[in-house]
Amino acid sequence: MRPGPRPPLGRSLLRLFTVQGSWNYERMQGIGVGVAEEPLLRDLQEAGDGVAYRAAVARGAHFFNAHPYFCGLAVGAAARAEHEGVPPEQVERLRTALCGPLGSLGDRLVWAGWLPFTSGLAVVGVALGFGMSAVLGFLLVYNVGHVALRWWALQAGWTYGARVAVALHQPLLQRATAWSGPAMALAVGAALPLAARALATPFAGWARSVLLAAALVGFGLLWLSRGRLTGLRFGLALLALAALVGWLWR
Amino acid sequence: MSIALFRIDDRLIHGQVVVGWGQPLHVGFIVLVDDAVRASPWEQDLYRMGVPSDVEVVFASTEEALERLPEWEKDPRVGILLAGDIGTLVALSANSHQVKRINLGGIHHRPGRSQRLRYVYLSDAEVEELRRLAARGVEITAQDVPTARAVPLQEFA
Amino acid sequence: MSLEVQLLLLAWGTLVGLDLVSVPQIMIARPIVAGPIAGALLGDVRTGLEVGVLFELFQYDVLPMGATRYPEYGPATVAAVSAAHAAAGAPGIGLGALVGLVTGMLGGASLHVLRRLNAGAVRVAAGALEAGDARVLMHVHVMGIVRDGLRAALVTATGLALAEVVRFVAGALSVRGVTLLGVAAVAAAVAAASAGTLRVVGRGPSLPWFIAGVLGGALMAWVR
């Protein structure tokens, strides 16, 4: 079967913005991915009393998990494969094989790259006194990348179908992924001392010394007891300690 | 020591593995043991795309993995060995004393399996397999990322 | 604080909570955004920025991957800003941190409950889903989003209530006590952010960049 003209991708893209709306332990993003793929499958409705359509919709909603911004690749690729009459087992295999790599790529590029990179720059901006403009700048810049990625993923998925690995060889994506780690490290690295300095400004001399000591001890504890101690638990413990000391030493 | 982690994870190479474990362990190579992926060039191409260029990915069938395990153990780089199902690691550890610890990373829902942890679904037969493995002295824990607690097998199966 | 402002904060916290996982993930859920906007709603952008930076630091300790459990700092930051603002005069950042961390923990736990509820709904609808019923599929999905909205509202409301309680208690603290709380909050945030970032940076090629960043940032902080 040859695919017809490209179905309009807009509705699918809009639905992709909700892709994790029904995230659950059983199918993870599966339902959301199915919801986003469904508009692309509608032209299968006419063939064979809609049997092909319903089977494809059911497959589309099976277990899936990857990075949310990259889900469009799987949605587009699976929909294209369904149109091309790829056998069901192959479609399932394609979806399964896409989970890991799209998750890994997105986690590196976005969660451990673009997001902390831009947020680090925002923290630097706020610490340097740019205030709300730094915050709004972050929202704008981050989302230019975010929306571009979602759109690229969906249309590349549809373009390449089962040969979707080709799309991932795209040089810009490769370069961005390689640079996202160092860029994030640089930005967040710079943000740390600047944020510490800005937040410590209201405190007197003795309090700043206590702050430095507590931060160093905390870093050591968190580094050594990974897996047991989280930043949140450490924060609560330290606050409890501070409240106790403050109550005793009036 | 060279293979730092023997992991069962049905999504094979994904973010938790590459970013969660790979980064702090400073991993130099990942061995992916899966007969179907070993036979499928396009799937290998995909999985390779999920990994930074300085990390080598080795695709092996269960049989090849048995053969090459001693070689990987001698590798000066730190490695992770990944398999998508329990059977593969059962076969590996039955024929090698090098598998002393097994990490359950993500085994997701499938008909016949029931939920044991957030990210671990097991059928009764799979639980039996794991228990037999543990009885032979293999330490089995579930831990999705290094910052989470390693949950011993007895606590969930 | 007027009821009107409280309702505005509740609405903002709900949007922020929805954004983290469900819709549309434009990262208004990041404390660096959630905080300053909450501050603007209170007419106190400065406190919003301060608390926003504080919790953005805590956020660097978190990587939201797969089914991992993590605290939710968006609605928590909104509640923290409300608490910090209420403790006007003294540096309220410590009180804000207290409210925010507790709310963040609650938010994380609520996500876990939500994901189980969603799994239950999927199980109930499994037959229709396997038959490829697009209407049921859509229904399951939309209900998931509705549930998350309710969850986010509930977490924010609890956080805001907590902020009111803390505001009441704050009067009993000595100036030194309030200062110590603030010091503890900032120290913990800096420690969490450093350890969390370094964990992601690892020992690979990004490490020199991280060190360069820290040195550059320290230099800038020194010069200013």
# chains A, B, ... in the order shown; residues from 1 in each chain; ligands from 1
>>> residues_around(residues="A:Ala127", least_positions_apart="5", cutoff="7 Å", atoms="only C-alpha atoms", output="JSON, numbers by chain")
{"A": [194, 195, 198]}
>>> write_last_selection(atoms="N, CA and C atoms", output="PDB file, in the first residue's frame")
ATOM      1  N   LEU A 194      27.006  32.679  41.721  1.00  0.00           N
ATOM      2  CA  LEU A 194      26.266  33.935  41.613  1.00  0.00           C
ATOM      3  C   LEU A 194      24.969  33.883  42.405  1.00  0.00           C
ATOM      4  N   ALA A 195      24.272  32.755  42.323  1.00  0.00           N
ATOM      5  CA  ALA A 195      23.025  32.606  43.073  1.00  0.00           C
ATOM      6  C   ALA A 195      23.316  32.597  44.562  1.00  0.00           C
ATOM      7  N   ALA A 198      23.974  36.101  45.657  1.00  0.00           N
ATOM      8  CA  ALA A 198      22.766  36.931  45.676  1.00  0.00           C
ATOM      9  C   ALA A 198      21.873  36.572  46.864  1.00  0.00           C
TER      10      ALA A 198
END
>>> residues_around(residues="C:Val200", least_positions_apart="5", cutoff="10 Å", atoms="only C-alpha atoms", output="list of chain:residue names")
A:Arg108, A:Ala112, A:Gly113, A:Gly181, A:Met184, A:Ala185, B:Val19, B:Gly20, B:Trp21, B:Gly22, B:Gln23, B:Pro24, C:Tyr60, C:Asp61, C:Val62, C:Leu63, C:Ala195, C:Ser206, C:Leu207
>>> residues_around(residues="A:Gly30", least_positions_apart="5", cutoff="8 Å", atoms="only C-alpha atoms", output="ChimeraX atom specification")
/A:23,60-65
>>> write_last_selection(atoms="N, CA and C atoms", output="PDB file, in the first residue's frame")
ATOM      1  N   TRP A  23      -0.225  10.039  31.935  1.00  0.00           N
ATOM      2  CA  TRP A  23       0.944   9.220  32.291  1.00  0.00           C
ATOM      3  C   TRP A  23       0.567   8.244  33.406  1.00  0.00           C
ATOM      4  N   GLY A  60      -1.412   2.088  18.569  1.00  0.00           N
ATOM      5  CA  GLY A  60      -0.836   3.401  18.892  1.00  0.00           C
ATOM      6  C   GLY A  60      -0.840   3.705  20.375  1.00  0.00           C
ATOM      7  N   ALA A  61      -1.789   3.100  21.103  1.00  0.00           N
ATOM      8  CA  ALA A  61      -1.930   3.419  22.528  1.00  0.00           C
ATOM      9  C   ALA A  61      -1.239   2.408  23.431  1.00  0.00           C
ATOM     10  N   HIS A  62      -0.487   1.484  22.841  1.00  0.00           N
ATOM     11  CA  HIS A  62       0.232   0.517  23.684  1.00  0.00           C
ATOM     12  C   HIS A  62       1.368   1.203  24.444  1.00  0.00           C
ATOM     13  N   PHE A  63       1.984   0.456  25.337  1.00  0.00           N
ATOM     14  CA  PHE A  63       3.077   0.984  26.155  1.00  0.00           C
ATOM     15  C   PHE A  63       4.049   1.827  25.332  1.00  0.00           C
ATOM     16  N   PHE A  64       4.331   2.981  25.818  1.00  0.00           N
ATOM     17  CA  PHE A  64       5.385   3.780  25.192  1.00  0.00           C
ATOM     18  C   PHE A  64       5.989   4.694  26.229  1.00  0.00           C
ATOM     19  N   ASN A  65       7.282   4.897  26.161  1.00  0.00           N
ATOM     20  CA  ASN A  65       7.888   5.928  26.986  1.00  0.00           C
ATOM     21  C   ASN A  65       9.171   6.426  26.373  1.00  0.00           C
TER      22      ASN A  65
END
>>> atom_distance(atom1="atom CA of B:Pro152", atom2="atom CA of B:Ile140")
6.3 Å
>>> interface_residues(of="chain C", to="chain A", cutoff="7 Å", atoms="only C-alpha atoms", output="PDB file with C-alpha atoms, in the first residue's frame")
ATOM      1  CA  VAL C  21       4.120  16.669  33.399  1.00  0.00           C
ATOM      2  CA  SER C  22       0.804  17.086  31.575  1.00  0.00           C
ATOM      3  CA  VAL C  23       0.158  20.240  29.559  1.00  0.00           C
ATOM      4  CA  PRO C  24       1.931  21.983  27.855  1.00  0.00           C
ATOM      5  CA  ILE C  26       6.559  25.058  28.561  1.00  0.00           C
ATOM      6  CA  ILE C  32      12.593  30.453  38.294  1.00  0.00           C
ATOM      7  CA  VAL C  33       9.311  31.201  36.460  1.00  0.00           C
ATOM      8  CA  GLU C  50      14.557  35.313  45.502  1.00  0.00           C
ATOM      9  CA  VAL C  53      16.227  31.243  42.514  1.00  0.00           C
ATOM     10  CA  PHE C  58      16.836  22.664  44.624  1.00  0.00           C
ATOM     11  CA  ASP C  61      18.970  18.017  42.191  1.00  0.00           C
ATOM     12  CA  LEU C  63      16.120  14.655  36.857  1.00  0.00           C
ATOM     13  CA  LEU C  98      10.130  25.326  54.898  1.00  0.00           C
ATOM     14  CA  LEU C 101      10.052  21.829  50.706  1.00  0.00           C
ATOM     15  CA  ARG C 115      -0.068   7.700  38.163  1.00  0.00           C
ATOM     16  CA  ARG C 116      -1.620   4.807  40.009  1.00  0.00           C
ATOM     17  CA  ASN C 118      -4.401   6.656  35.841  1.00  0.00           C
ATOM     18  CA  ALA C 119      -3.151   3.087  35.609  1.00  0.00           C
ATOM     19  CA  LEU C 129      -8.636   0.392  24.076  1.00  0.00           C
ATOM     20  CA  GLU C 130      -7.651  -2.950  22.579  1.00  0.00           C
ATOM     21  CA  ALA C 131     -10.642  -2.690  20.243  1.00  0.00           C
ATOM     22  CA  GLY C 132      -9.280   0.632  19.017  1.00  0.00           C
ATOM     23  CA  ASP C 133     -12.161   2.746  20.327  1.00  0.00           C
ATOM     24  CA  ALA C 134     -10.890   6.284  19.743  1.00  0.00           C
ATOM     25  CA  LEU C 137      -8.991   6.540  24.271  1.00  0.00           C
ATOM     26  CA  MET C 138      -9.696  10.257  24.264  1.00  0.00           C
ATOM     27  CA  HIS C 141      -6.626  10.780  28.293  1.00  0.00           C
ATOM     28  CA  GLY C 144      -6.020  11.997  33.229  1.00  0.00           C
ATOM     29  CA  ILE C 145      -5.511  15.696  32.554  1.00  0.00           C
ATOM     30  CA  SER C 174      13.383  35.380  67.364  1.00  0.00           C
ATOM     31  CA  ARG C 176      18.168  35.090  65.152  1.00  0.00           C
ATOM     32  CA  GLY C 177      15.924  32.082  64.649  1.00  0.00           C
ATOM     33  CA  LEU C 180      19.206  30.742  60.976  1.00  0.00           C
ATOM     34  CA  LEU C 181      16.291  29.325  59.000  1.00  0.00           C
ATOM     35  CA  VAL C 183      20.880  30.417  56.290  1.00  0.00           C
ATOM     36  CA  ALA C 184      19.842  26.761  56.427  1.00  0.00           C
ATOM     37  CA  ALA C 185      17.605  27.198  53.369  1.00  0.00           C
ATOM     38  CA  VAL C 186      20.269  28.827  51.223  1.00  0.00           C
ATOM     39  CA  ALA C 187      23.000  26.415  52.348  1.00  0.00           C
ATOM     40  CA  ALA C 188      20.837  23.374  51.573  1.00  0.00           C
ATOM     41  CA  VAL C 190      23.450  25.476  47.191  1.00  0.00           C
ATOM     42  CA  ALA C 191      24.566  22.033  48.380  1.00  0.00           C
ATOM     43  CA  ALA C 192      21.723  20.278  46.553  1.00  0.00           C
ATOM     44  CA  SER C 194      26.100  21.539  43.376  1.00  0.00           C
ATOM     45  CA  ALA C 195      25.799  17.843  44.129  1.00  0.00           C
ATOM     46  CA  VAL C 201      28.098  16.427  34.646  1.00  0.00           C
ATOM     47  CA  SER C 206      31.666  18.312  30.563  1.00  0.00           C
ATOM     48  CA  TRP C 209      33.307  23.252  31.464  1.00  0.00           C
ATOM     49  CA  PHE C 210      31.632  22.977  34.838  1.00  0.00           C
ATOM     50  CA  ILE C 211      34.804  24.013  36.636  1.00  0.00           C
ATOM     51  CA  ALA C 212      35.273  26.912  34.218  1.00  0.00           C
ATOM     52  CA  GLY C 213      31.669  27.985  34.885  1.00  0.00           C
ATOM     53  CA  VAL C 214      32.064  27.887  38.651  1.00  0.00           C
ATOM     54  CA  GLY C 216      33.802  32.416  36.090  1.00  0.00           C
ATOM     55  CA  GLY C 217      30.680  32.768  38.223  1.00  0.00           C
ATOM     56  CA  ALA C 218      32.761  33.145  41.390  1.00  0.00           C
ATOM     57  CA  ALA C 221      30.254  37.401  42.147  1.00  0.00           C
TER      58      ALA C 221
END
>>> residues_around(residues="B:Pro70", least_positions_apart="2", cutoff="12 Å", atoms="only C-alpha atoms", output="ChimeraX atom specification")
/B:1-3,64-68,72-75,92,95-99
>>> interface_residues(of="chain B", to="chain C", cutoff="10 Å", atoms="only C-alpha atoms", output="list in words")
His14, Gly15, Gln16, Val19, Gly20, Trp21, Gly22, Gln23, Pro24, Leu25, His26, Val27, Gly28, Asp54, Gly106, Arg118, Tyr119, Gln143, Asp144, Val145, Pro146, Thr147 and Ala148 of chain B
>>> write_last_selection(atoms="N, CA and C atoms", output="compact mmCIF listing (two decimals), in the first residue's frame")
# COMPACT_ATOMS: atom_id res chain seq x y z
N HIS B 14 18.21 3.74 27.44
CA HIS B 14 17.41 4.97 27.50
C HIS B 14 18.04 5.93 28.49
N GLY B 15 17.32 7.02 28.78
CA GLY B 15 17.91 8.09 29.57
C GLY B 15 18.43 7.66 30.94
N GLN B 16 17.65 6.84 31.64
CA GLN B 16 18.10 6.41 32.96
C GLN B 16 19.44 5.70 32.88
N VAL B 19 22.14 8.70 31.02
CA VAL B 19 22.38 9.87 31.86
C VAL B 19 22.46 9.46 33.33
N GLY B 20 21.45 8.70 33.77
CA GLY B 20 21.36 8.33 35.18
C GLY B 20 22.56 7.53 35.68
N TRP B 21 22.89 6.45 34.98
CA TRP B 21 24.01 5.60 35.41
C TRP B 21 25.30 5.93 34.66
N GLY B 22 25.18 6.14 33.36
CA GLY B 22 26.36 6.29 32.52
C GLY B 22 27.23 7.46 32.94
N GLN B 23 26.60 8.60 33.21
CA GLN B 23 27.37 9.81 33.52
C GLN B 23 28.16 9.64 34.82
N PRO B 24 27.52 9.32 35.96
CA PRO B 24 28.30 9.22 37.19
C PRO B 24 29.31 8.06 37.18
N LEU B 25 29.00 6.97 36.48
CA LEU B 25 29.94 5.84 36.45
C LEU B 25 31.05 6.09 35.44
N HIS B 26 30.88 7.11 34.65
CA HIS B 26 31.82 7.42 33.56
C HIS B 26 32.01 6.20 32.66
N VAL B 27 30.91 5.77 32.09
CA VAL B 27 30.88 4.53 31.34
C VAL B 27 31.57 4.68 29.98
N GLY B 28 32.37 3.68 29.62
CA GLY B 28 33.07 3.72 28.34
C GLY B 28 32.42 2.83 27.29
N ASP B 54 31.28 9.14 22.57
CA ASP B 54 32.46 8.58 23.24
C ASP B 54 32.16 7.29 23.99
N GLY B 106 13.91 -1.61 34.71
CA GLY B 106 12.53 -1.36 34.32
C GLY B 106 11.99 -2.58 33.61
N ARG B 118 6.95 0.44 41.34
CA ARG B 118 6.55 1.43 40.34
C ARG B 118 6.95 0.98 38.94
N TYR B 119 8.17 0.49 38.82
CA TYR B 119 8.73 0.21 37.51
C TYR B 119 9.03 -1.27 37.29
N GLN B 143 16.51 -0.93 41.22
CA GLN B 143 16.92 0.46 41.40
C GLN B 143 16.90 1.11 40.03
N ASP B 144 16.00 2.06 39.81
CA ASP B 144 15.92 2.63 38.47
C ASP B 144 17.08 3.59 38.18
N VAL B 145 17.36 4.47 39.15
CA VAL B 145 18.48 5.41 38.96
C VAL B 145 19.35 5.40 40.21
N PRO B 146 20.61 5.82 40.09
CA PRO B 146 21.52 5.73 41.23
C PRO B 146 21.06 6.54 42.44
N THR B 147 20.24 7.58 42.20
CA THR B 147 19.81 8.39 43.34
C THR B 147 18.64 7.77 44.09
N ALA B 148 18.10 6.67 43.58
CA ALA B 148 17.01 5.99 44.29
C ALA B 148 17.61 4.88 45.16
>>> residues_around(residues="B:Val33", least_positions_apart="6", cutoff="12 Å", atoms="only C-alpha atoms", output="PyMOL selection string")
chain B and resi 6-10+12-13+39+44+57-66+68-69+80-89+91-92
>>> write_last_selection(atoms="N, CA and C atoms", output="short mmCIF file (atom, residue, chain, number, x, y, z; two decimals), in the first residue's frame")
data_model
loop_
_atom_site.label_atom_id
_atom_site.label_comp_id
_atom_site.auth_asym_id
_atom_site.auth_seq_id
_atom_site.Cartn_x
_atom_site.Cartn_y
_atom_site.Cartn_z
N PHE B 6 25.06 -5.03 35.83
CA PHE B 6 24.30 -5.97 35.01
C PHE B 6 22.84 -5.60 35.19
N ARG B 7 22.20 -5.14 34.14
CA ARG B 7 20.88 -4.53 34.33
C ARG B 7 19.84 -5.18 33.42
N ILE B 8 18.67 -5.42 33.98
CA ILE B 8 17.53 -5.88 33.17
C ILE B 8 16.60 -4.69 32.99
N ASP B 9 16.39 -4.31 31.75
CA ASP B 9 15.57 -3.13 31.47
C ASP B 9 14.96 -3.32 30.09
N ASP B 10 13.64 -3.39 30.00
CA ASP B 10 13.05 -3.71 28.70
C ASP B 10 13.11 -2.56 27.70
N LEU B 12 15.93 -1.16 27.27
CA LEU B 12 17.35 -1.28 26.92
C LEU B 12 18.09 0.04 27.15
N ILE B 13 18.54 0.68 26.07
CA ILE B 13 19.30 1.92 26.24
C ILE B 13 18.33 3.10 26.29
N ALA B 39 20.13 -9.25 15.58
CA ALA B 39 19.85 -9.66 14.20
C ALA B 39 19.26 -8.53 13.37
N GLN B 44 19.79 -1.65 15.72
CA GLN B 44 21.11 -1.31 16.27
C GLN B 44 21.44 0.15 15.98
N VAL B 57 29.01 1.03 21.86
CA VAL B 57 27.91 0.11 22.09
C VAL B 57 28.24 -1.22 21.41
N VAL B 58 28.16 -2.31 22.18
CA VAL B 58 28.43 -3.63 21.63
C VAL B 58 27.12 -4.40 21.60
N PHE B 59 26.75 -4.92 20.45
CA PHE B 59 25.53 -5.72 20.36
C PHE B 59 25.92 -7.19 20.37
N ALA B 60 25.26 -7.97 21.21
CA ALA B 60 25.64 -9.37 21.30
C ALA B 60 24.40 -10.23 21.47
N SER B 61 24.46 -11.43 20.93
CA SER B 61 23.43 -12.42 21.25
C SER B 61 23.82 -13.03 22.60
N THR B 62 22.89 -13.77 23.21
CA THR B 62 23.19 -14.36 24.51
C THR B 62 24.43 -15.26 24.40
N GLU B 63 24.47 -16.00 23.30
CA GLU B 63 25.59 -16.92 23.11
C GLU B 63 26.92 -16.16 23.01
N GLU B 64 26.92 -15.11 22.20
CA GLU B 64 28.14 -14.31 22.05
C GLU B 64 28.54 -13.67 23.38
N ALA B 65 27.53 -13.24 24.14
CA ALA B 65 27.81 -12.59 25.42
C ALA B 65 28.54 -13.55 26.35
N LEU B 66 28.10 -14.80 26.37
CA LEU B 66 28.75 -15.81 27.22
C LEU B 66 30.21 -15.96 26.85
N ARG B 68 32.12 -13.77 25.28
CA ARG B 68 32.97 -12.58 25.37
C ARG B 68 32.99 -11.93 26.76
N LEU B 69 32.19 -12.47 27.69
CA LEU B 69 32.12 -11.88 29.02
C LEU B 69 33.49 -11.72 29.68
N ILE B 80 28.52 -1.24 31.13
CA ILE B 80 27.20 -1.66 31.61
C ILE B 80 26.72 -2.77 30.69
N LEU B 81 26.23 -3.86 31.24
CA LEU B 81 25.63 -4.90 30.41
C LEU B 81 24.12 -4.85 30.59
N LEU B 82 23.42 -4.75 29.48
CA LEU B 82 21.97 -4.58 29.49
C LEU B 82 21.28 -5.76 28.82
N ALA B 83 20.19 -6.22 29.41
CA ALA B 83 19.37 -7.21 28.73
C ALA B 83 17.91 -6.81 28.91
N GLY B 84 17.08 -7.20 27.96
CA GLY B 84 15.69 -6.78 28.01
C GLY B 84 14.81 -7.71 28.84
N ASP B 85 15.29 -8.93 29.09
CA ASP B 85 14.45 -9.83 29.87
C ASP B 85 15.26 -10.64 30.86
N ILE B 86 14.53 -11.24 31.80
CA ILE B 86 15.17 -11.97 32.88
C ILE B 86 15.89 -13.20 32.35
N GLY B 87 15.27 -13.86 31.38
CA GLY B 87 15.83 -15.09 30.84
C GLY B 87 17.26 -14.94 30.38
N THR B 88 17.55 -13.83 29.72
CA THR B 88 18.90 -13.61 29.20
C THR B 88 19.93 -13.59 30.33
N LEU B 89 19.63 -12.88 31.38
CA LEU B 89 20.60 -12.82 32.47
C LEU B 89 20.65 -14.11 33.27
N ALA B 91 20.41 -17.01 31.87
CA ALA B 91 21.30 -17.83 31.05
C ALA B 91 22.75 -17.42 31.24
N LEU B 92 22.99 -16.13 31.29
CA LEU B 92 24.36 -15.65 31.47
C LEU B 92 24.94 -16.08 32.81
#
>>> select_by_dssp(residues="chain B", states="alpha helix (DSSP H)", output="JSON, numbers by chain")
{"B": [15, 23, 24, 25, 35, 36, 37, 38, 41, 42, 43, 44, 45, 46, 47, 48, 49, 62, 63, 64, 65, 66, 67, 68, 69, 70, 71, 72, 73, 74, 86, 87, 88, 89, 90, 91, 92, 93, 94, 124, 125, 126, 127, 128, 129, 130, 131, 132, 133, 134, 135]}
>>> closest_residue(among="B:Leu133, B:Ala150, B:Val127, B:Gly79", to="chain A", atoms="only C-alpha atoms")
B:Ala150
>>> residues_around(residues="C:Gly96", least_positions_apart="4", cutoff="7 Å", atoms="only C-alpha atoms", output="ChimeraX atom specification")
/C:80-81,83-84,92,100
>>> write_last_selection(atoms="N, CA and C atoms", output="PDB file, in the first residue's frame")
ATOM      1  N   ALA C  80       5.700  28.837  48.620  1.00  0.00           N
ATOM      2  CA  ALA C  80       6.865  29.374  49.330  1.00  0.00           C
ATOM      3  C   ALA C  80       6.927  30.894  49.196  1.00  0.00           C
ATOM      4  N   VAL C  81       6.599  31.405  48.017  1.00  0.00           N
ATOM      5  CA  VAL C  81       6.609  32.853  47.812  1.00  0.00           C
ATOM      6  C   VAL C  81       5.566  33.501  48.714  1.00  0.00           C
ATOM      7  N   ALA C  83       4.499  32.400  51.571  1.00  0.00           N
ATOM      8  CA  ALA C  83       4.983  32.364  52.958  1.00  0.00           C
ATOM      9  C   ALA C  83       6.073  33.412  53.172  1.00  0.00           C
ATOM     10  N   ALA C  84       7.004  33.499  52.223  1.00  0.00           N
ATOM     11  CA  ALA C  84       8.125  34.427  52.373  1.00  0.00           C
ATOM     12  C   ALA C  84       7.628  35.873  52.352  1.00  0.00           C
ATOM     13  N   GLY C  92      12.334  36.417  54.889  1.00  0.00           N
ATOM     14  CA  GLY C  92      11.347  35.347  54.953  1.00  0.00           C
ATOM     15  C   GLY C  92      11.736  34.110  54.185  1.00  0.00           C
ATOM     16  N   GLY C 100       7.896  25.486  51.148  1.00  0.00           N
ATOM     17  CA  GLY C 100       8.132  24.962  49.800  1.00  0.00           C
ATOM     18  C   GLY C 100       8.607  23.523  49.808  1.00  0.00           C
TER      19      GLY C 100
END
>>> select_by_dssp(residues="chain B", states="strand (DSSP E or B)", output="ChimeraX atom specification")
/B:3-9,27-33,56-60,78-83,101-107,114-117,120-122,139-142,151-152
